[in-house]
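For reference, start_24.csv is printed below; it contains CSV, C-alpha atoms.
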chain,number,residue,atom,x,y,z
V,40,CYS,CA,0.0,0.0,0.0
V,41,GLN,CA,1.0,3.6,-0.5
V,42,VAL,CA,2.2,5.4,2.6
V,43,VAL,CA,1.0,9.1,2.8
V,44,ILE,CA,2.4,11.8,5.0
V,45,VAL,CA,0.2,14.8,5.7
V,46,ALA,CA,2.6,17.5,6.6
V,47,ASP,CA,2.1,20.9,8.2
V,48,HIS,CA,2.3,23.6,5.5
V,49,ASP,CA,5.5,25.3,6.8
V,50,GLU,CA,9.2,24.8,6.4
V,51,THR,CA,9.7,22.6,9.5
V,52,GLY,CA,6.8,20.3,8.5
V,53,LYS,CA,7.9,19.9,4.9
V,54,LYS,CA,11.5,19.3,6.0
V,55,TYR,CA,10.8,16.4,8.3
V,56,ALA,CA,8.1,15.0,6.1
V,57,LYS,CA,10.6,14.8,3.2
V,58,GLN,CA,13.1,13.0,5.5
V,59,ALA,CA,10.5,10.4,6.4
V,60,ALA,CA,9.2,10.1,2.8
V,61,ASP,CA,12.7,9.6,1.5
V,62,LEU,CA,13.2,6.8,4.0
V,63,TYR,CA,9.9,5.0,3.3
V,64,GLY,CA,9.1,5.9,-0.2
V,65,ALA,CA,6.0,7.8,0.9
V,66,MET,CA,3.9,10.5,-0.8
V,67,ILE,CA,3.7,13.9,0.9
V,68,ILE,CA,0.5,16.0,1.0
V,69,THR,CA,0.2,19.5,2.6
V,70,PRO,CA,-2.9,21.6,3.1
V,71,PRO,CA,-3.2,24.3,0.4
V,72,VAL,CA,-2.8,27.3,2.7
V,73,GLU,CA,0.6,28.2,4.1
V,74,GLY,CA,0.7,27.8,7.9
V,75,GLN,CA,-2.1,25.3,8.0
V,76,ASP,CA,-1.9,21.8,9.5
V,77,ILE,CA,-4.5,19.1,8.7
V,78,ASN,CA,-6.7,20.1,11.7
V,79,ASP,CA,-6.8,23.8,10.6
V,80,TYR,CA,-7.7,22.6,7.1
V,81,TRP,CA,-10.6,20.5,8.4
V,82,LEU,CA,-11.9,23.2,10.7
V,83,SER,CA,-11.9,25.7,7.8
V,84,GLY,CA,-14.3,23.4,5.9
V,85,GLY,CA,-11.7,21.6,3.8
V,86,SER,CA,-12.4,18.0,2.6
V,87,VAL,CA,-9.7,15.7,4.0
V,88,VAL,CA,-10.9,12.9,1.6
V,89,GLU,CA,-10.3,15.1,-1.4
V,90,LEU,CA,-6.9,16.2,0.0
V,91,LEU,CA,-5.8,12.6,0.4
V,92,ARG,CA,-7.1,11.8,-3.1
V,93,PRO,CA,-5.6,14.4,-5.4
V,94,ALA,CA,-6.5,14.4,-9.1
V,95,PRO,CA,-4.3,11.9,-10.9
V,96,LYS,CA,-1.7,13.2,-13.4
V,97,PRO,CA,-2.9,12.8,-17.0
V,98,TRP,CA,-1.6,9.7,-18.8
V,99,LEU,CA,-1.4,11.5,-22.1
V,100,VAL,CA,0.6,14.7,-22.1
V,101,ASN,CA,0.9,17.2,-25.0
V,102,ALA,CA,4.4,16.9,-26.6
V,103,ASP,CA,5.2,20.6,-26.1
V,104,GLU,CA,4.4,20.4,-22.4
V,105,PHE,CA,6.2,17.1,-22.1
V,106,CYS,CA,9.5,18.6,-23.3
V,107,ALA,CA,9.1,22.1,-21.9
V,108,LYS,CA,11.4,21.3,-18.9
V,109,PRO,CA,13.9,18.6,-20.0
V,110,ASP,CA,15.4,16.6,-17.1
V,111,PRO,CA,19.2,16.7,-17.1
V,112,ILE,CA,21.0,13.4,-16.6
V,113,LYS,CA,22.3,13.2,-13.0
V,114,TRP,CA,25.3,11.0,-12.3
V,115,LEU,CA,26.8,9.2,-9.2
V,116,ALA,CA,29.9,8.6,-11.4
V,117,LYS,CA,30.0,10.8,-14.4
V,118,HIS,CA,29.1,9.0,-17.7
V,119,TRP,CA,29.2,5.6,-15.8
V,120,ILE,CA,26.6,5.4,-13.0
V,121,GLN,CA,23.4,7.3,-13.6
V,122,GLU,CA,21.1,8.2,-10.8
V,123,GLN,CA,17.7,6.4,-10.7
V,124,SER,CA,18.6,4.1,-13.6
V,125,LEU,CA,18.8,0.3,-14.2
V,126,MET,CA,22.3,-0.7,-15.3
V,127,MET,CA,24.1,-3.9,-15.9
V,128,ILE,CA,27.8,-4.8,-15.9
V,129,PHE,CA,28.8,-8.2,-17.3
V,130,GLY,CA,31.8,-10.3,-18.0
V,131,PRO,CA,33.3,-13.8,-17.8
V,132,SER,CA,34.1,-15.3,-14.4
V,133,GLY,CA,37.4,-14.0,-13.1
V,134,CYS,CA,37.5,-11.0,-15.3
V,135,GLY,CA,37.4,-8.5,-12.4
V,136,LYS,CA,33.8,-7.2,-12.7
V,137,THR,CA,33.2,-7.3,-9.0
V,138,PHE,CA,36.5,-5.5,-8.4
V,139,VAL,CA,35.4,-2.7,-10.7
V,140,VAL,CA,31.9,-2.4,-9.2
V,141,LEU,CA,33.1,-2.6,-5.6
V,142,ASP,CA,35.8,0.1,-6.3
V,143,ALA,CA,33.2,2.4,-7.8
V,144,CYS,CA,30.8,1.8,-4.9
V,145,LEU,CA,33.4,2.5,-2.3
V,146,HIS,CA,34.4,5.7,-4.0
V,147,ILE,CA,30.7,6.8,-4.0
V,148,ALA,CA,30.2,5.7,-0.4
V,149,SER,CA,33.3,7.5,0.8
V,150,GLY,CA,32.9,10.6,-1.3
V,151,LYS,CA,36.3,10.3,-3.1
V,152,ALA,CA,36.7,13.2,-5.6
V,153,ASP,CA,36.9,11.1,-8.7
V,154,TRP,CA,37.0,7.5,-10.1
V,155,PHE,CA,39.4,7.0,-13.0
V,156,GLY,CA,38.9,10.7,-13.8
V,157,LYS,CA,35.1,10.6,-13.5
V,158,LYS,CA,33.5,13.0,-11.1
V,159,ILE,CA,31.9,11.3,-8.1
V,160,LYS,CA,28.9,12.3,-6.1
V,161,ARG,CA,28.8,11.0,-2.5
V,162,ALA,CA,25.8,8.9,-1.7
V,163,PRO,CA,24.6,5.9,0.3
V,164,VAL,CA,25.2,2.5,-1.3
V,165,VAL,CA,23.7,-0.9,-0.6
V,166,TYR,CA,25.7,-3.9,-1.9
V,167,LEU,CA,23.5,-7.1,-2.2
V,168,ALA,CA,26.2,-9.7,-2.2
V,169,GLY,CA,25.1,-13.2,-3.1
V,170,GLU,CA,28.5,-14.9,-2.9
V,171,GLY,CA,32.2,-14.6,-2.0
V,172,HIS,CA,31.7,-12.8,1.3
V,173,PHE,CA,35.1,-13.8,2.7
V,174,GLY,CA,36.9,-12.4,-0.3
V,175,LEU,CA,34.6,-9.3,-0.3
V,176,LYS,CA,35.5,-8.6,3.3
V,177,ALA,CA,39.2,-8.7,2.5
V,178,ARG,CA,38.7,-6.4,-0.6
V,179,VAL,CA,36.8,-3.8,1.4
V,180,ALA,CA,39.5,-3.8,4.1
V,181,GLY,CA,42.2,-3.6,1.5
V,182,TRP,CA,40.5,-0.7,-0.2
V,183,LYS,CA,40.2,1.2,3.1
V,184,GLN,CA,43.9,0.6,3.8
V,185,VAL,CA,44.9,2.0,0.4
V,186,HIS,CA,42.5,4.9,0.1
V,187,LYS,CA,42.2,5.9,3.8
V,188,PRO,CA,38.7,7.3,3.8
V,189,GLN,CA,38.3,10.3,6.2
V,190,SER,CA,34.9,9.2,7.5
V,191,GLN,CA,32.7,6.2,7.9
V,192,LEU,CA,31.5,4.6,4.7
V,193,ASP,CA,27.9,5.2,3.7
V,194,MET,CA,27.6,1.6,2.5
V,195,TRP,CA,25.8,-1.5,3.7
V,196,ILE,CA,26.5,-5.1,2.5
V,197,SER,CA,24.1,-8.0,2.7
V,198,SER,CA,25.1,-11.2,4.5
V,199,GLY,CA,23.6,-13.4,1.8
V,200,GLY,CA,21.5,-13.6,-1.3
V,201,ALA,CA,17.7,-13.2,-1.7
V,202,LYS,CA,15.5,-14.1,-4.7
V,203,LEU,CA,14.2,-10.7,-5.9
V,204,ASP,CA,11.6,-12.4,-8.1
V,205,ASN,CA,10.1,-14.2,-5.2
V,206,GLU,CA,7.4,-12.1,-3.4
V,207,LYS,CA,8.2,-13.1,0.1
V,208,SER,CA,12.0,-12.7,-0.4
V,209,PHE,CA,11.5,-9.4,-2.2
V,210,GLN,CA,9.5,-8.0,0.7
V,211,LYS,CA,12.2,-9.0,3.1
V,212,VAL,CA,14.8,-7.1,1.1
V,213,VAL,CA,12.5,-4.0,1.0
V,214,GLU,CA,11.9,-4.1,4.8
V,215,GLU,CA,15.7,-4.5,5.4
V,216,LEU,CA,16.3,-1.4,3.2
V,217,ARG,CA,13.6,0.6,5.0
V,218,GLN,CA,15.4,0.0,8.3
V,219,LEU,CA,18.5,1.7,7.2
V,220,PRO,CA,19.2,5.2,8.6
V,221,VAL,CA,19.3,6.7,5.1
V,222,LYS,CA,17.7,5.9,1.8
V,223,PRO,CA,20.1,4.2,-0.7
V,224,ALA,CA,21.0,6.1,-3.9
V,225,LEU,CA,22.5,2.9,-5.4
V,226,ILE,CA,21.7,-0.7,-5.0
V,227,VAL,CA,24.1,-3.3,-6.4
V,228,VAL,CA,22.9,-6.9,-7.1
V,229,ASP,CA,25.9,-9.2,-7.3
V,230,THR,CA,25.3,-11.5,-9.1
V,231,VAL,CA,22.0,-11.8,-11.0
V,232,HIS,CA,22.3,-15.6,-10.8
V,233,ARG,CA,22.3,-15.5,-7.0
V,234,PHE,CA,19.2,-13.2,-6.8
V,235,LEU,CA,17.1,-14.8,-9.6
V,236,GLU,CA,14.7,-17.6,-8.8
V,237,GLY,CA,13.5,-18.1,-12.3
V,238,ASP,CA,15.3,-19.1,-15.5
V,239,GLU,CA,17.7,-16.4,-16.8
V,240,ASN,CA,17.1,-17.8,-20.4
V,241,SER,CA,13.3,-17.1,-20.1
V,242,ALA,CA,12.2,-13.7,-21.3
V,243,GLN,CA,9.2,-13.9,-18.9
V,244,ASP,CA,11.4,-14.6,-15.9
V,245,ALA,CA,13.9,-12.0,-16.9
V,246,GLY,CA,11.1,-9.5,-17.2
V,247,ASP,CA,9.7,-10.4,-13.8
V,248,PHE,CA,13.2,-9.8,-12.3
V,249,VAL,CA,13.5,-6.5,-14.0
V,250,PHE,CA,10.1,-5.5,-12.7
V,251,ARG,CA,11.3,-6.1,-9.2
V,252,CYS,CA,14.4,-4.0,-9.8
V,253,ASP,CA,12.1,-1.2,-11.1
V,254,GLU,CA,10.1,-1.5,-7.9
V,255,LEU,CA,13.3,-0.9,-5.9
V,256,LYS,CA,14.0,2.1,-8.0
V,257,ARG,CA,10.5,3.4,-7.5
V,258,LEU,CA,10.4,2.8,-3.7
V,259,PHE,CA,13.7,4.3,-2.9
V,260,GLY,CA,14.3,6.7,-5.8
V,261,CYS,CA,17.7,4.9,-6.5
V,262,ALA,CA,19.7,3.4,-9.2
V,263,VAL,CA,20.1,-0.4,-9.5
V,264,TRP,CA,23.3,-1.9,-10.8
V,265,LEU,CA,23.2,-5.6,-11.9
V,266,VAL,CA,26.3,-7.7,-12.0
V,267,HIS,CA,26.0,-10.6,-14.5
V,268,HIS,CA,28.1,-13.2,-16.3
V,269,THR,CA,28.6,-13.6,-20.1
V,270,GLY,CA,27.6,-16.6,-22.0
V,271,VAL,CA,30.0,-19.6,-22.6
V,272,SER,CA,29.7,-20.0,-26.3
V,273,ASP,CA,31.9,-17.8,-28.6
V,274,ASP,CA,28.9,-15.9,-30.0
V,275,ALA,CA,27.7,-15.1,-26.5
V,276,LYS,CA,30.9,-13.8,-24.9
V,277,GLY,CA,30.1,-10.2,-26.0
V,278,ARG,CA,26.7,-10.1,-24.2
V,279,ALA,CA,25.1,-10.8,-20.9
V,280,ARG,CA,24.2,-14.5,-20.3
V,281,GLY,CA,20.6,-15.6,-20.8
V,282,SER,CA,17.6,-13.9,-22.3
V,283,SER,CA,18.1,-11.1,-24.9
V,284,ALA,CA,15.3,-9.3,-22.9
V,285,TRP,CA,17.9,-8.0,-20.5
V,286,ARG,CA,19.3,-5.5,-23.0
V,287,GLY,CA,16.0,-4.0,-23.9
V,288,ASP,CA,15.3,-3.1,-20.3
V,289,LEU,CA,18.6,-1.4,-19.4
V,290,ASP,CA,19.5,2.2,-19.3
V,291,ILE,CA,23.3,1.5,-19.3
V,292,GLU,CA,25.2,-1.7,-20.1
V,293,SER,CA,28.9,-2.2,-19.6
V,294,CYS,CA,31.2,-5.1,-20.4
V,295,VAL,CA,34.4,-6.0,-18.4
V,296,THR,CA,37.2,-8.1,-19.9
V,297,LYS,CA,40.7,-9.0,-18.7
V,298,ASN,CA,43.6,-8.6,-21.1
V,299,LYS,CA,46.4,-11.0,-21.6
V,300,ASP,CA,48.7,-8.8,-19.5
V,301,GLY,CA,46.2,-8.9,-16.6
V,302,THR,CA,44.8,-5.4,-17.0
V,303,ILE,CA,41.0,-4.8,-17.0
V,304,THR,CA,39.1,-3.0,-19.7
The structure given in the file should be rewritten as structure tokens.
Amino acid sequence: CQVVIVADHDETGKKYAKQAADLYGAMIITPPVEGQDINDYWLSGGSVVELLRPAPKPWLVNADEFCAKPDPIKWLAKHWIQEQSLMMIFGPSGCGKTFVVLDACLHIASGKADWFGKKIKRAPVVYLAGEGHFGLKARVAGWKQVHKPQSQLDMWISSGGAKLDNEKSFQKVVEELRQLPVKPALIVVDTVHRFLEGDENSAQDAGDFVFRCDELKRLFGCAVWLVHHTGVSDDAKGRARGSSAWRGDLDIESCVTKNKDGTIT
């Protein structure tokens, strides 16, 4: 169900309502007159029912109105990690894709100035890790030793996987996210295989998984970054493993490969 916060129509009321709404994905409504609270509005003859049920936004919008105020693209990492988007990074096993993703996330969570020359915006990160926790712990500790962040990392890491396309499991993930002290700006799912209950080769199952990722985006106003493997056959090594439906649903797709000299591109 949709959580609705009825805030006092003043700076303090709107400030704290926004903090609560950001945490729980709620909608904010205020009485129409500045200085009013909901009781003032009701005593003045206002309809609380109508206030709580505002007219829906039109589904069809005139093209001139639609493009009147273009939304600029906002980045967590310039030209790499876009805010409120669905992204995927893929590559063969052992190519270093988790290393790349983790390094980017730690830069964002620590507020480091740039990442390989790309401007970074500090923001809270949630890393849903489905495997390799022992190695992940060592990597984070090693990164901190090298980069020496000046403050606590705004980052949380899961202790295991969860099937996002399973209703009960998905709701557990949502509740865990809602209990955090801040709303995540980026959620990483590493890897898709560990968080997908269905068949990755099925367009229907892939679509159901993407739908759940879109739900996370909507509920928390965040970006979701999927980590996935490539196919095994020669003709599948240049794309993400499984259904071709993945590509059509993504805002950004990146491929990681390891060169013969051990460098990552």
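Comparing V:Ala143, V:Val164, V:Val72, V:Val43 by their smallest distance to Gly85 (chain V), the closest is V:Val72 (using all atoms listed in the file).
If you look at CA of Trp98 (chain V) and CA of Ala262 (chain V), they are 24.2 Å away from each other.
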Distance in Å - CA of Ala152 (chain V) versus CA of Gln189 (chain V):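 Computing the Euclidean distance for CA of Ala152 (chain V) and CA of Gln189 (chain V) yields 12.3 Å.
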Pick from V:Val165, V:Ile196, V:Ala177, V:Ala94 nearest to Phe259 (chain V), counting all atoms listed in the file: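 So, comparing all the options, the nearest one is V:Val165.
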Nearest to Leu265 (chain V), chosen from V:Asp253, V:Asp244, V:Glu89, V:Asp153, with all atoms listed in the file counted in the distances: V:Asp253
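Among the candidate residues V:Lys53, V:Lys158, V:Arg92, V:Lys211, the one lying nearest to Gln121 (chain V) is V:Lys158, with distances computed using all atoms listed in the file.
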Computed interatomic separation between CA of Gly237 (chain V) and CA of His267 (chain V) (Å):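 The value is 14.7 Å.
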Protein/DNA/RNA residues near (20.5, 9.7, -15.2), cut 10 Å, all atoms listed in the file, as a PyMOL selection string: chain V and resi 110-115+117-125+262+290-291
Residue nearest Cys144 (chain V) - candidates V:Ile128, V:Val87, V:Ile44, V:Val227, atoms counted: only C-alpha atoms: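 Counting only C-alpha atoms, the residue closest to Cys144 (chain V) is V:Val227.
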Among listed residues V:Leu255, V:Phe173, V:Val139, V:Pro95, nearest Phe155 (chain V) (using all atoms listed in the file):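 Selected residue with least distance to Phe155 (chain V): V:Val139.
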Residue contacts of Val212 (chain V) (8 Å, all atoms listed in the file) excluding same-chain residues fewer than 3 positions away, as a ChimeraX atom specification: /V:201,203,208-209,215-216
Residues within 8 Å of Arg161 (chain V), only C-alpha atoms, excluding chain neighbours under 6 positions, as a ChimeraX atom specification: /V:115,146-151
Surrounding residues of region 54-62 of chain V excluding itself and chain neighbours under 2 positions, 10 Å, all atoms listed in the file, as JSON, numbers by chain: {"V": [42, 43, 44, 45, 46, 47, 49, 50, 51, 52, 64, 65, 66, 67, 68, 69, 216, 217, 218, 219, 220, 221, 222, 223, 258, 259, 260]}
Selection from above, C-alpha atoms, as a compact mmCIF listing (two decimals), in the coordinates of the input, can you write it?
# COMPACT_ATOMS: atom_id res chain seq x y z
CA VAL V 42 2.20 5.40 2.60
CA VAL V 43 1.00 9.10 2.80
CA ILE V 44 2.40 11.80 5.00
CA VAL V 45 0.20 14.80 5.70
CA ALA V 46 2.60 17.50 6.60
CA ASP V 47 2.10 20.90 8.20
CA ASP V 49 5.50 25.30 6.80
CA GLU V 50 9.20 24.80 6.40
CA THR V 51 9.70 22.60 9.50
CA GLY V 52 6.80 20.30 8.50
CA GLY V 64 9.10 5.90 -0.20
CA ALA V 65 6.00 7.80 0.90
CA MET V 66 3.90 10.50 -0.80
CA ILE V 67 3.70 13.90 0.90
CA ILE V 68 0.50 16.00 1.00
CA THR V 69 0.20 19.50 2.60
CA LEU V 216 16.30 -1.40 3.20
CA ARG V 217 13.60 0.60 5.00
CA GLN V 218 15.40 0.00 8.30
CA LEU V 219 18.50 1.70 7.20
CA PRO V 220 19.20 5.20 8.60
CA VAL V 221 19.30 6.70 5.10
CA LYS V 222 17.70 5.90 1.80
CA PRO V 223 20.10 4.20 -0.70
CA LEU V 258 10.40 2.80 -3.70
CA PHE V 259 13.70 4.30 -2.90
CA GLY V 260 14.30 6.70 -5.80
